[in-house]
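Source file: query_6.cif; contents: mmCIF, C-alpha atoms.
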```cif
data_run
loop_
_atom_site.label_atom_id
_atom_site.label_comp_id
_atom_site.auth_asym_id
_atom_site.auth_seq_id
_atom_site.Cartn_x
_atom_site.Cartn_y
_atom_site.Cartn_z
CA MET A 218 141.06 77.65 106.58
CA ILE A 219 141.33 76.99 102.84
CA ASN A 220 139.07 73.95 103.20
CA LYS A 221 136.30 76.21 104.52
CA LEU A 222 136.47 78.55 101.53
CA GLN A 223 134.64 78.06 98.29
CA LEU A 224 137.32 79.09 95.84
CA ASN A 225 134.87 79.71 92.99
CA ARG A 226 133.10 82.46 94.95
CA LYS A 227 133.99 86.06 95.69
CA HIS A 228 134.91 86.86 99.29
CA VAL A 229 134.90 90.24 101.01
CA PHE A 230 138.02 90.84 103.10
CA ILE A 231 136.67 92.94 105.95
CA ASP A 232 139.18 91.55 108.46
CA TRP A 233 141.97 88.94 108.60
CA SER A 234 139.70 85.93 109.08
CA LEU A 235 140.30 84.65 105.52
CA VAL A 236 144.05 85.41 105.45
CA GLU A 237 146.62 83.02 106.90
CA ALA A 238 149.44 84.60 108.89
CA GLY A 239 152.03 82.52 107.03
CA ASN A 240 152.88 80.13 109.85
CA GLY A 241 150.06 77.65 109.36
CA ASN A 242 147.73 79.42 111.79
CA SER A 243 144.55 81.28 110.88
CA TRP A 244 143.67 84.60 112.45
CA SER A 245 141.58 84.28 115.62
CA GLY A 246 140.80 87.94 116.28
CA THR A 247 143.92 88.62 118.32
CA THR A 248 146.40 91.46 117.76
CA ASP A 249 149.34 89.19 118.62
CA PRO A 250 151.94 89.74 115.84
CA TRP A 251 152.46 85.98 115.60
CA PHE A 252 148.93 85.61 114.22
CA MET A 253 148.90 88.75 112.07
CA PRO A 254 149.80 88.56 108.35
CA ASN A 255 152.95 90.47 107.41
CA GLY A 256 153.26 92.73 104.39
CA ILE A 257 149.53 92.78 103.62
CA GLU A 258 147.31 95.84 103.93
CA LEU A 259 143.51 96.01 103.80
CA ARG A 260 142.17 98.99 101.85
CA THR A 261 138.69 100.18 100.98
CA PHE A 262 137.90 101.69 97.60
CA SER A 263 135.03 104.06 96.89
CA PRO A 264 132.62 102.97 94.16
CA THR A 265 132.09 105.06 91.04
CA VAL A 266 128.72 106.80 91.29
CA HIS A 267 127.15 107.55 87.93
CA PRO A 268 125.46 110.98 87.91
CA GLU A 269 122.46 109.89 85.83
CA PRO A 270 119.84 107.25 86.75
CA ILE A 271 120.15 103.95 84.91
CA LEU A 272 116.36 103.74 84.48
CA LEU A 273 113.66 106.39 84.25
CA PRO A 274 109.89 105.77 84.04
CA GLU A 275 109.27 105.42 80.30
CA LYS A 276 106.44 102.91 80.04
CA PRO A 277 102.75 103.33 80.97
CA TRP A 278 102.98 100.54 83.56
CA GLU A 279 105.72 102.43 85.43
CA ALA A 280 104.46 105.94 84.73
CA TYR A 281 103.98 106.87 88.39
CA LEU A 282 107.42 105.77 89.62
CA ILE A 283 110.15 103.14 89.59
CA SER A 284 110.77 102.02 93.14
CA SER A 285 114.25 101.79 94.66
CA TRP A 286 113.34 98.27 95.85
CA ALA A 287 115.13 96.18 93.25
CA THR A 288 117.32 93.11 92.80
CA VAL A 289 120.32 92.96 90.47
CA PHE A 290 122.76 90.10 89.91
CA GLU A 291 124.96 88.64 87.19
CA ASP A 292 123.66 85.47 85.58
CA GLU A 293 125.76 83.71 82.93
CA GLY A 294 127.37 86.93 81.72
CA ILE A 295 124.19 89.05 81.77
CA PHE A 296 123.23 91.51 84.49
CA LYS A 297 119.58 91.00 85.42
CA LEU A 298 117.47 93.63 87.13
CA TYR A 299 114.09 93.07 88.77
CA TYR A 300 112.37 96.28 89.80
CA GLU A 301 108.93 97.55 90.80
CA GLY A 302 107.02 99.80 88.43
CA TYR A 303 103.95 101.65 89.69
CA HIS A 304 100.93 102.89 87.76
CA ALA A 305 97.58 104.37 88.71
CA PRO A 306 94.66 101.89 88.91
CA ASP A 307 91.71 102.18 86.56
CA VAL A 308 89.29 102.89 89.41
CA VAL A 309 89.90 104.32 92.88
CA THR A 310 87.01 104.01 95.31
CA GLY A 311 86.99 104.49 99.06
CA LYS A 312 89.40 106.46 101.18
CA ASP A 313 91.55 103.47 102.17
CA VAL A 314 92.16 101.90 98.75
CA GLN A 315 95.75 101.90 97.50
CA LYS A 316 96.05 104.67 94.91
CA TYR A 317 98.85 103.10 92.87
CA VAL A 318 99.46 99.53 91.72
CA SER A 319 102.83 97.80 91.40
CA GLN A 320 104.23 94.98 89.31
CA VAL A 321 107.66 93.36 88.99
CA CYS A 322 109.46 94.35 85.79
CA TYR A 323 112.64 92.99 84.21
CA ALA A 324 115.59 94.64 82.47
CA GLU A 325 118.99 93.32 81.41
CA SER A 326 122.42 94.72 80.64
CA GLU A 327 125.81 93.62 79.38
CA ASP A 328 127.77 96.19 81.41
CA GLY A 329 125.50 97.08 84.36
CA VAL A 330 125.13 100.68 83.12
CA ASN A 331 123.12 100.52 79.89
CA TRP A 332 119.85 98.66 80.39
CA VAL A 333 117.31 97.23 77.95
CA ARG A 334 113.66 96.46 78.67
CA PRO A 335 112.95 93.35 76.58
CA GLU A 336 109.47 92.97 75.08
CA LEU A 337 108.58 89.66 76.71
CA GLY A 338 104.87 89.22 76.03
CA ILE A 339 104.33 87.56 79.42
CA VAL A 340 102.05 89.99 81.28
CA ASN A 341 99.64 92.27 79.42
CA PHE A 342 99.02 95.86 80.42
CA LYS A 343 95.67 97.29 79.30
CA GLY A 344 95.74 95.23 76.12
CA GLU A 345 99.43 95.76 75.35
CA SER A 346 101.38 92.50 75.27
CA ASP A 347 104.88 93.81 74.48
CA THR A 348 105.81 94.64 78.07
CA ASN A 349 108.74 93.83 80.32
CA ILE A 350 106.41 92.92 83.20
CA VAL A 351 107.14 89.45 84.56
CA PHE A 352 104.88 89.30 87.62
CA SER A 353 101.77 91.19 88.69
CA GLY A 354 101.02 89.43 91.96
CA ILE A 355 97.88 87.55 92.93
CA GLN A 356 94.22 88.41 92.56
CA SER A 357 93.56 88.69 96.29
CA SER A 358 96.19 91.40 96.65
CA GLY A 359 95.06 94.99 96.54
CA ILE A 360 98.35 96.66 95.55
CA GLY A 361 100.39 94.10 93.62
CA PRO A 362 103.75 92.64 94.69
CA HIS A 363 105.51 94.87 97.20
CA GLY A 364 109.23 94.95 98.09
CA ALA A 365 110.09 91.92 95.93
CA THR A 366 113.49 90.19 96.02
CA VAL A 367 114.66 87.61 93.45
CA ILE A 368 117.47 85.05 93.73
CA LYS A 369 118.88 82.35 91.49
CA ASP A 370 118.82 79.36 93.80
CA PRO A 371 121.80 76.98 93.52
CA ASN A 372 119.87 74.50 95.66
CA GLY A 373 116.61 74.60 93.69
CA SER A 374 115.25 72.18 91.13
CA VAL A 375 115.21 73.08 87.44
CA GLU A 376 111.54 74.07 87.69
CA THR A 377 112.12 76.30 90.74
CA ARG A 378 115.63 77.58 90.02
CA TYR A 379 114.61 81.20 90.54
CA LYS A 380 112.73 82.28 93.65
CA MET A 381 110.95 85.48 94.64
CA ILE A 382 109.50 86.83 97.87
CA PHE A 383 107.14 89.79 97.99
CA GLY A 384 104.78 91.54 100.36
CA SER A 385 101.06 91.24 99.72
CA VAL A 386 97.89 92.81 101.09
CA ASN A 387 94.45 91.23 101.07
CA GLU A 388 92.21 94.30 101.02
CA GLU A 389 89.03 92.30 101.63
CA LYS A 390 90.35 90.56 104.75
CA ARG A 391 92.70 93.43 105.66
CA THR A 392 95.64 91.08 106.22
CA ARG A 393 99.30 91.39 105.23
CA HIS A 394 101.51 88.51 104.14
CA LEU A 395 104.93 87.66 102.80
CA ARG A 396 104.43 85.45 99.77
CA GLY A 397 106.64 83.52 97.37
CA ALA A 398 106.88 82.59 93.70
CA THR A 399 109.12 80.33 91.62
CA SER A 400 110.34 80.25 88.03
CA PRO A 401 112.49 77.95 85.87
CA GLU A 402 114.27 80.80 84.05
CA GLY A 403 113.45 83.96 85.99
CA LEU A 404 110.75 85.22 83.60
CA HIS A 405 107.64 83.03 83.87
CA TRP A 406 106.58 83.01 87.52
CA THR A 407 104.16 80.83 89.47
CA ALA A 408 102.90 82.16 92.79
CA ILE A 409 102.85 79.81 95.77
CA PRO A 410 99.17 79.56 96.83
CA ASP A 411 99.65 80.03 100.58
CA PRO A 412 101.60 82.82 102.30
CA LEU A 413 105.12 81.97 103.43
CA ILE A 414 104.77 84.14 106.54
CA TYR A 415 101.84 86.03 108.02
CA HIS A 416 103.81 89.21 108.47
CA ALA A 417 103.28 92.91 107.80
CA CYS A 418 105.92 93.82 105.19
CA ASP A 419 106.11 97.47 104.19
CA THR A 420 109.61 97.50 102.67
CA GLN A 421 111.88 95.19 100.69
CA SER A 422 112.58 91.87 102.38
CA VAL A 423 115.81 89.91 101.80
CA LEU A 424 115.99 86.27 100.70
CA ALA A 425 119.14 84.13 100.56
CA TRP A 426 120.19 80.48 100.44
CA ASP A 427 122.66 79.67 103.22
CA GLU A 428 124.90 76.98 101.75
CA ASP A 429 126.81 76.40 105.00
CA GLU A 430 123.73 75.81 107.16
CA GLY A 431 121.38 74.38 104.50
CA PHE A 432 118.57 76.90 105.07
CA TYR A 433 116.71 79.56 103.15
CA ARG A 434 116.87 82.74 105.20
CA ILE A 435 114.49 85.69 105.05
CA TYR A 436 115.12 89.03 106.75
CA THR A 437 112.17 91.38 107.09
CA ARG A 438 111.25 94.61 108.78
CA GLY A 439 109.21 93.88 111.86
CA TYR A 440 107.60 95.69 114.73
CA ARG A 441 107.76 95.04 118.43
CA ASN A 442 103.96 95.07 118.44
CA GLN A 443 101.78 94.40 115.41
CA SER A 444 99.79 97.24 113.91
CA GLU A 445 96.39 98.10 115.32
CA LEU A 446 93.27 98.73 113.28
CA ILE A 447 91.86 102.04 114.54
CA GLU A 448 88.89 103.66 112.80
CA GLY A 449 89.46 101.53 109.72
CA ARG A 450 93.17 102.37 109.33
CA HIS A 451 96.38 100.64 110.36
CA VAL A 452 98.31 102.46 113.10
CA TRP A 453 101.90 101.30 113.38
CA PRO A 454 103.93 101.16 116.61
CA GLU A 455 107.08 103.24 116.83
CA ARG A 456 109.68 100.52 117.50
CA ARG A 457 110.95 98.70 114.40
CA THR A 458 112.89 95.43 114.42
CA ILE A 459 114.85 93.22 112.01
CA ASP A 460 113.15 89.82 111.92
CA HIS A 461 114.62 86.52 110.70
CA SER A 462 112.89 83.39 109.42
CA ARG A 463 114.35 80.22 107.93
CA SER A 464 113.13 77.20 106.00
CA LYS A 465 114.60 73.95 104.69
CA ASP A 466 112.47 73.87 101.53
CA PHE A 467 111.36 77.51 100.98
CA PHE A 468 107.72 76.43 100.78
#
```
For this file, write the structure as structure tokens.
Amino acid sequence: MINKLQLNRKHVFIDWSLVEAGNGNSWSGTTDPWFMPNGIELRTFSPTVHPEPILLPEKPWEAYLISSWATVFEDEGIFKLYYEGYHAPDVVTGKDVQKYVSQVCYAESEDGVNWVRPELGIVNFKGESDTNIVFSGIQSSGIGPHGATVIKDPNGSVETRYKMIFGSVNEEKRTRHLRGATSPEGLHWTAIPDPLIYHACDTQSVLAWDEDEGFYRIYTRGYRNQSELIEGRHVWPERRTIDHSRSKDFF
């Protein structure tokens, strides 16, 4: 059992599968006392919920709202947060044009509670260069990146160490995609030209590298039947699904 564990990683003990009974045998799901560890108890602890939000809309590019679709992880002693900020577009024409535009923003923290928006100078917003925006999507998208997830890829090259997936809408062709982007340090992003998946994504999708199987895995919200275009608007079916895709190279 120990050989299957990566000792430099955290493991969640939700059952006895990672605990040896003490007689050289690993737990196999049985309740036989011979295979059950003695003197060990599994307990769950409630997290501490802070009463105040860690981020509030303070900048013009997030003035409409900060979405709950976000990614946070620790990276070399710094907590990194990627979140979606929404603002109103300059011009709204037509009844079916998205009324608010999103972009991926970045914040960092030493303790996970107090967050700083660094002035990165990567993406301008209406002439202002000192923003914490790191990615604004692609030109063919009508709403900006949607439901983005970011990972630091232990399998990636130096140039593509950080990877992002995000939903995208082509308003002209009225198509929905799941797209990808890569970055060497998690700040300067390059969008992959072609969609990863032709899939209607209307929430945050999940990306992970599966070290054991050697695949990138993506989990998305799906529908038993694709949406229909009725009188110029998308009508969604009632039955939702959890869909899974995998890739050897992410691209």
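Checking A:Leu395, A:Leu298, A:Ala287, A:Val321 one by one against Tyr415 in chain A, counting only C-alpha atoms, you find the shortest gap at A:Leu395.
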* When distances are computed from all atoms listed in the file, which of A:Pro264, A:Pro371, A:Pro412, A:Gly384 shows the smallest separation from Asp292 in chain A? -> A:Pro371
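You will find CA of Phe432 in chain A at 26.9 Å from CA of Val236 in chain A.
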* Structure fact -> Across A:Asp419, A:Asp429, A:Asp370, A:Glu327, the smallest distance to Glu291 in chain A, with all atoms listed in the file counted, is shown by A:Glu327
* Extract, using only C-alpha atoms, all DNA, RNA and protein residues at most 8 Å from Gly397 in chain A, discarding same-chain residues fewer than 3 positions from it, and format them as JSON, numbers by chain. => {"A": [380, 381, 382, 383, 408, 409, 412, 413, 468]}
How about saving the chosen residues, C-alpha atoms kept, as a PDB file, keeping the file's coordinate frame?
```
ATOM      1  CA  LYS A 380     112.730  82.280  93.650  1.00  0.00           C
ATOM      2  CA  MET A 381     110.950  85.480  94.640  1.00  0.00           C
ATOM      3  CA  ILE A 382     109.500  86.830  97.870  1.00  0.00           C
ATOM      4  CA  PHE A 383     107.140  89.790  97.990  1.00  0.00           C
ATOM      5  CA  ALA A 408     102.900  82.160  92.790  1.00  0.00           C
ATOM      6  CA  ILE A 409     102.850  79.810  95.770  1.00  0.00           C
ATOM      7  CA  PRO A 412     101.600  82.820 102.300  1.00  0.00           C
ATOM      8  CA  LEU A 413     105.120  81.970 103.430  1.00  0.00           C
ATOM      9  CA  PHE A 468     107.720  76.430 100.780  1.00  0.00           C
TER      10      PHE A 468
END
```
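Selection by the PyMOL selection byres ((chain A and resi 330) around 12) on the present file picks out Thr265, Val266, His267, Pro268, Glu269, Pro270, Ile271, Leu272, Val289, Ile295, Phe296, Lys297, Leu298, Ala324, Glu325, Ser326, Glu327, Asp328, Gly329, Asn331, Trp332 and Val333 of chain A.
Going from CA of Ala365 in chain A to CA of Ser263 in chain A covers 27.8 Å.
The interatomic distance for the pair CA of Ser346 in chain A and CA of Val375 in chain A works out to 26.8 Å.
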* Run through the PyMOL selection byres ((chain A and resi 421) around 6) on the given coordinates and return the selected residues as a list in words. => Trp286, Gly364, Thr420 and Ser422 of chain A
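When only C-alpha atoms are used to measure the gap to Trp278 in chain A, the shortest distance among A:Ile459, A:Ala398, A:Ile350, A:Ile257 belongs to A:Ile350.
Between Tyr323 in chain A and the residues A:His405, A:Arg378, A:Arg396, A:Arg260, the shortest atom-to-atom distance, using only C-alpha atoms, involves A:His405.
Of the listed residues (A:Ala305, A:Leu235, A:Ile414, A:Leu424), A:Leu424 comes nearest to Lys369 in chain A; the distances count all atoms listed in the file.
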* Asked: Counting all atoms listed in the file, which residues come within 9 Å of (106.1, 95.4, 75.7), with the point read in the file's coordinates, and could you list them as a PyMOL selection string?
  -> chain A and resi 276+334-342+345-350
* Asked: Counting all atoms listed in the file, what is within 7 Å of Tyr433 in chain A, bar same-chain residues fewer than 5 positions away, as a VMD selection string?
  -> chain A and resid 425 to 427 463 to 465 467
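Residue membership of the PyMOL selection byres ((chain A and resi 283) around 9) in the shown file amounts to Leu272, Leu273, Pro274, Glu279, Ala280, Tyr281, Leu282, Ser284, Ser285, Trp286, Tyr300, Glu301, Gly302 and Tyr303 of chain A.
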Taking (113.3, 81.5, 83.2) as a centre in this file's frame and 10 Å as the limit, can you find every polymer residue with an atom that close, using only C-alpha atoms, and give them as a JSON list (two decimals) with C-alpha atoms, in the frame of the given file?
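Written file, result03.json:
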```
[["chain", "number", "residue", "atom", "x", "y", "z"],
["A", 375, "VAL", "CA", 115.21, 73.08, 87.44],
["A", 376, "GLU", "CA", 111.54, 74.07, 87.69],
["A", 377, "THR", "CA", 112.12, 76.30, 90.74],
["A", 378, "ARG", "CA", 115.63, 77.58, 90.02],
["A", 379, "TYR", "CA", 114.61, 81.20, 90.54],
["A", 399, "THR", "CA", 109.12, 80.33, 91.62],
["A", 400, "SER", "CA", 110.34, 80.25, 88.03],
["A", 401, "PRO", "CA", 112.49, 77.95, 85.87],
["A", 402, "GLU", "CA", 114.27, 80.80, 84.05],
["A", 403, "GLY", "CA", 113.45, 83.96, 85.99],
["A", 404, "LEU", "CA", 110.75, 85.22, 83.60],
["A", 405, "HIS", "CA", 107.64, 83.03, 83.87],
["A", 406, "TRP", "CA", 106.58, 83.01, 87.52]]
```
Taking 5 positions as the minimum chain separation for residues in the same chain, which residues sit within 6 Å of Gly439 in chain A when counting all atoms listed in the file? Answer as a PDB file with C-alpha atoms, in the coordinates of the input.
```pdb
ATOM      1  CA  ARG A 457     110.950  98.700 114.400  1.00  0.00           C
ATOM      2  CA  THR A 458     112.890  95.430 114.420  1.00  0.00           C
ATOM      3  CA  ILE A 459     114.850  93.220 112.010  1.00  0.00           C
ATOM      4  CA  ASP A 460     113.150  89.820 111.920  1.00  0.00           C
TER       5      ASP A 460
END
```
